[in-house]
>>> print(open('entry.cif').read())   # mmCIF, C-alpha atoms
data_start
#
loop_
_atom_site.label_atom_id
_atom_site.label_comp_id
_atom_site.auth_asym_id
_atom_site.auth_seq_id
_atom_site.Cartn_x
_atom_site.Cartn_y
_atom_site.Cartn_z
CA THR A 232 30.12 -12.92 47.19
CA ILE A 233 32.70 -10.50 48.59
CA PRO A 234 35.70 -12.92 48.70
CA ALA A 235 35.36 -13.91 45.02
CA GLY A 236 34.72 -10.32 43.97
CA LEU A 237 37.84 -9.03 45.71
CA LEU A 238 40.08 -11.82 44.45
CA GLY A 239 38.69 -11.44 40.95
CA LEU A 240 39.44 -7.72 40.92
CA LEU A 241 42.91 -8.09 42.42
CA PHE A 242 44.11 -11.03 40.34
CA GLU A 243 42.02 -10.95 37.13
CA GLU A 244 44.92 -10.48 34.69
CA HIS A 245 47.19 -12.89 36.52
CA LEU A 246 44.50 -15.58 36.65
CA LYS A 247 43.79 -15.14 32.94
CA SER A 248 47.44 -15.50 31.97
CA VAL A 249 48.19 -18.45 34.25
CA PHE A 250 45.02 -20.46 33.78
CA ALA A 251 44.01 -19.66 30.20
CA VAL A 252 45.79 -22.77 28.95
CA GLY A 253 43.61 -25.56 27.57
CA LYS A 254 45.59 -28.31 29.28
CA ILE A 255 45.19 -26.69 32.68
CA VAL A 256 41.48 -26.03 32.10
CA SER A 257 40.85 -29.66 31.11
CA ILE A 258 42.57 -30.90 34.27
CA ALA A 259 40.61 -28.37 36.35
CA LEU A 260 37.41 -29.73 34.78
CA ILE A 261 38.35 -33.24 35.95
CA LEU A 262 39.11 -31.89 39.44
CA ASN A 263 35.76 -30.06 39.40
CA GLY A 264 33.99 -33.35 38.68
CA LEU A 265 35.89 -35.13 41.44
CA ILE A 266 34.96 -32.39 43.92
CA LEU A 267 31.29 -32.68 42.94
CA TRP A 268 31.44 -36.47 43.25
CA GLY A 269 33.23 -36.19 46.62
CA ALA A 270 30.55 -33.83 47.92
CA GLU A 271 27.82 -36.28 46.95
CA HIS A 272 29.71 -39.18 48.49
CA LEU A 273 30.26 -37.29 51.74
CA ARG A 274 26.68 -36.05 51.74
CA ARG A 275 25.34 -39.60 51.63
CA LYS A 276 27.45 -40.48 54.67
CA GLN A 277 26.29 -37.48 56.69
CA ALA A 278 23.23 -37.57 58.88
CA GLU A 279 19.97 -36.60 57.20
CA ARG A 280 19.65 -33.51 59.38
CA THR A 281 20.32 -30.35 57.38
CA LEU A 282 20.94 -26.76 58.35
CA SER A 283 17.34 -25.90 57.56
CA ASP A 284 16.69 -27.43 60.98
CA GLN A 285 19.16 -24.97 62.48
CA ARG A 286 20.25 -21.37 62.03
CA PHE A 287 22.24 -20.47 58.91
CA GLY A 288 24.87 -17.92 59.93
CA TRP A 289 27.82 -15.85 58.81
CA ARG A 290 30.25 -18.76 59.17
CA GLN A 291 28.38 -20.92 56.68
CA ALA A 292 27.88 -17.97 54.30
CA LEU A 293 31.61 -17.18 54.36
CA GLN A 294 32.52 -20.82 53.73
CA ILE A 295 30.30 -20.84 50.65
CA GLY A 296 31.64 -17.41 49.63
CA PHE A 297 35.23 -18.62 49.77
CA ALA A 298 34.29 -21.74 47.79
CA GLN A 299 33.02 -19.42 45.06
CA CYS A 300 36.63 -18.20 44.68
CA ILE A 301 37.68 -21.53 43.17
CA ALA A 302 35.57 -20.68 40.12
CA LEU A 303 38.06 -17.94 39.27
CA ILE A 304 40.11 -20.82 37.86
CA PRO A 305 38.77 -21.71 34.40
CA GLY A 306 37.33 -25.22 34.39
CA PHE A 307 35.80 -24.93 37.84
CA SER A 308 32.10 -24.28 38.08
CA ARG A 309 30.95 -21.36 40.26
CA THR A 310 27.59 -23.00 40.78
CA GLY A 311 29.17 -26.39 41.42
CA SER A 312 31.66 -25.05 43.95
CA THR A 313 29.03 -23.08 45.87
CA ILE A 314 26.50 -25.92 45.88
CA THR A 315 29.25 -28.28 47.05
CA ALA A 316 30.20 -25.89 49.85
CA GLY A 317 26.52 -25.63 50.76
CA LEU A 318 26.34 -29.40 51.06
CA PHE A 319 29.45 -29.39 53.27
CA THR A 320 27.77 -26.83 55.55
CA ARG A 321 24.79 -29.20 55.78
CA LEU A 322 22.38 -27.41 53.50
CA SER A 323 20.17 -29.64 51.38
CA HIS A 324 20.66 -29.80 47.61
CA GLU A 325 17.73 -27.47 47.08
CA GLU A 326 18.88 -24.98 49.73
CA SER A 327 22.43 -25.04 48.34
CA ALA A 328 21.16 -24.37 44.83
CA HIS A 329 18.99 -21.46 46.00
CA PHE A 330 21.88 -19.91 47.92
CA SER A 331 24.24 -20.43 44.98
CA PHE A 332 21.87 -18.70 42.57
CA LEU A 333 21.40 -15.80 44.99
CA MET A 334 25.17 -15.41 45.21
CA ALA A 335 25.52 -15.43 41.42
CA THR A 336 23.49 -12.27 40.83
CA PRO A 337 25.85 -9.68 42.38
CA ILE A 338 29.08 -11.18 41.06
CA ILE A 339 27.79 -11.70 37.52
CA GLY A 340 26.23 -8.22 37.52
CA ALA A 341 29.44 -6.62 38.79
CA ALA A 342 31.55 -8.46 36.19
CA ALA A 343 29.21 -7.29 33.44
CA LEU A 344 29.39 -3.67 34.66
CA LEU A 345 33.19 -3.83 34.75
CA LYS A 346 33.35 -5.06 31.15
CA LEU A 347 30.74 -2.64 29.79
CA PRO A 348 33.19 0.26 29.23
CA HIS A 349 35.33 -2.02 27.03
CA LEU A 350 32.33 -2.58 24.81
CA PHE A 351 31.85 1.13 24.19
CA ALA A 352 35.59 1.81 23.83
CA SER A 353 35.89 -0.58 20.89
CA ARG A 354 37.17 1.04 17.70
CA HIS A 355 35.78 -1.73 15.56
CA GLU A 356 32.32 -1.67 14.05
CA PRO A 357 29.62 -1.28 16.69
CA PHE A 358 29.07 -4.41 18.72
CA PHE A 359 26.23 -2.98 20.76
CA GLY A 360 23.38 -4.74 18.89
CA PRO A 361 24.94 -8.22 18.87
CA THR A 362 26.09 -7.77 22.46
CA LEU A 363 22.62 -6.73 23.58
CA PHE A 364 21.13 -9.74 21.76
CA GLY A 365 23.72 -12.03 23.39
CA ALA A 366 22.97 -10.57 26.82
CA ALA A 367 19.23 -11.09 26.31
CA CYS A 368 19.80 -14.71 25.23
CA SER A 369 22.10 -15.26 28.22
CA ALA A 370 19.52 -13.81 30.59
CA LEU A 371 16.76 -16.00 29.14
CA PHE A 372 18.82 -19.18 29.33
CA ALA A 373 20.13 -18.32 32.80
CA TYR A 374 16.53 -17.94 33.97
CA LEU A 375 15.52 -21.25 32.36
CA THR A 376 18.58 -23.00 33.78
CA VAL A 377 17.93 -21.73 37.30
CA LYS A 378 14.30 -22.79 37.02
CA PHE A 379 15.29 -26.27 35.78
CA LEU A 380 18.08 -26.79 38.34
CA THR A 381 15.94 -25.58 41.23
CA LYS A 382 13.32 -28.16 40.31
CA TYR A 383 15.99 -30.81 39.61
CA PHE A 384 17.66 -30.40 43.00
CA GLU A 385 14.41 -31.00 44.85
CA THR A 386 15.01 -34.72 44.31
CA LYS A 387 18.27 -35.26 42.41
CA THR A 388 22.03 -35.01 43.05
CA LEU A 389 25.22 -33.55 41.56
CA SER A 390 26.40 -36.97 40.32
CA PRO A 391 25.44 -36.51 36.62
CA PHE A 392 27.32 -33.19 36.55
CA ALA A 393 30.33 -34.81 38.22
CA ILE A 394 30.39 -37.60 35.63
CA TYR A 395 30.04 -35.08 32.78
CA CYS A 396 32.96 -32.98 34.08
CA VAL A 397 35.25 -35.98 34.52
CA VAL A 398 34.40 -37.46 31.10
CA VAL A 399 34.70 -34.18 29.16
CA GLY A 400 37.80 -33.18 31.12
CA THR A 401 39.44 -36.56 30.44
CA ILE A 402 38.64 -36.46 26.71
CA SER A 403 39.88 -32.86 26.49
CA THR A 404 43.07 -33.72 28.37
CA ILE A 405 43.80 -36.65 26.07
CA VAL A 406 43.13 -34.59 22.92
CA LEU A 407 45.17 -31.61 24.13
CA TRP A 408 48.14 -33.68 25.34
CA MET A 409 48.25 -35.63 22.04
CA ARG A 410 48.73 -32.43 20.03
#
>>> encode(input="entry.cif", output="C-alpha cells")
Amino acid sequence: TIPAGLLGLLFEEHLKSVFAVGKIVSIALILNGLILWGAEHLRRKQAERTLSDQRFGWRQALQIGFAQCIALIPGFSRTGSTITAGLFTRLSHEESAHFSFLMATPIIGAAALLKLPHLFASRHEPFFGPTLFGAACSALFAYLTVKFLTKYFETKTLSPFAIYCVVVGTISTIVLWMR
C-alpha cells in the first residue's frame, strides 16, 4: 500500500488536474479492460501451479503495491490492477482478490482521514449527517461487494469485468468525442 499512498500524497492535485478529463478517463477505462483481459489470457497460458504452493514474499507484495499506483489515474480500477498484478505473480484469482481487499483497507482509510478535515471546514450548511449516511452505505456495499467477489473468484475470472470496461469505455469515448 505504501507506493500508492506516497504517490497519491505527492501528486494528488497534479493527477486530478491532468486526468480529470472525461475523454482521458474513458480511454483509461478501455485500457483497464484490456489489462484485465490480458491478465486472464496470460493466466490461462501459465502453468496451473500458483504461489500458494510456494512462499509469498516482499518482491511479490511490492509488485502488487506498485500496480495499485495505476489506480491513481481515473478510469483504472484499484481492485482490478491489484488482482491483475496478483495473477502475474502467480497467485490464484481467490488469493489475488483476498490480497487486493487487504490492501484496500489502509489506503481507503487514509484517504478518508485526509478528507475528513475538509468536511468540517465547510462553510455551507452542515454535511455531517448526509456524509455519515453515505459513509455507512459505502461501508455496507463495500462489505457486500467483497463478500460477493471473494465467492465469485473461487471459480470465475476477470473476463466479464474486462468486457464491461471495454464496452463502457468505448461508448463513453464515442459520446465524449462526438460532443
>>> residues_around(input="entry.cif", residues="Ile301 of chain A", least_positions_apart="2", cutoff="12 Å", atoms="all atoms listed in the file", output="MDAnalysis selection string")
chainID A and resid 234:236 238:239 246 250 259:260 262:263 266 294:299 303:313 315:316
>>> closest_residue(input="entry.cif", among="A:Val397, A:Leu380, A:Ala366, A:Met409", to="Ile261 of chain A", atoms="all atoms listed in the file")
A:Val397
>>> resolve_selection(input="entry.cif", expression="the PyMOL selection byres ((chain A and resi 322-335) around 6)", output="PyMOL selection string")
chain A and resi 232+281-282+310+313-314+317-318+320-321+336-339+384-385
>>> atom_distance(input="entry.cif", atom1="atom CA of Ala367 of chain A", atom2="atom CA of Ala302 of chain A")
23.4 Å
>>> closest_residue(input="entry.cif", among="A:Leu240, A:Lys254, A:Gly365, A:Trp268", to="Ile394 of chain A", atoms="all atoms listed in the file")
A:Trp268
>>> closest_residue(input="entry.cif", among="A:Leu273, A:Ile258, A:Ser369, A:Ile233", to="Trp408 of chain A", atoms="only C-alpha atoms")
A:Ile258
>>> closest_residue(input="entry.cif", among="A:Val377, A:Ala343, A:Leu293, A:Leu265", to="Thr401 of chain A", atoms="only C-alpha atoms")
A:Leu265
>>> closest_residue(input="entry.cif", among="A:Phe379, A:Leu407, A:Glu243, A:Cys396", to="Leu345 of chain A", atoms="all atoms listed in the file")
A:Glu243
>>> atom_distance(input="entry.cif", atom1="atom CA of Lys247 of chain A", atom2="atom CA of Gly340 of chain A")
19.4 Å
>>> atom_distance(input="entry.cif", atom1="atom CA of Ile402 of chain A", atom2="atom CA of Gly264 of chain A")
13.2 Å
>>> closest_residue(input="entry.cif", among="A:Ile405, A:Leu267, A:Val256, A:Gly288", to="Phe392 of chain A", atoms="only C-alpha atoms")
A:Leu267
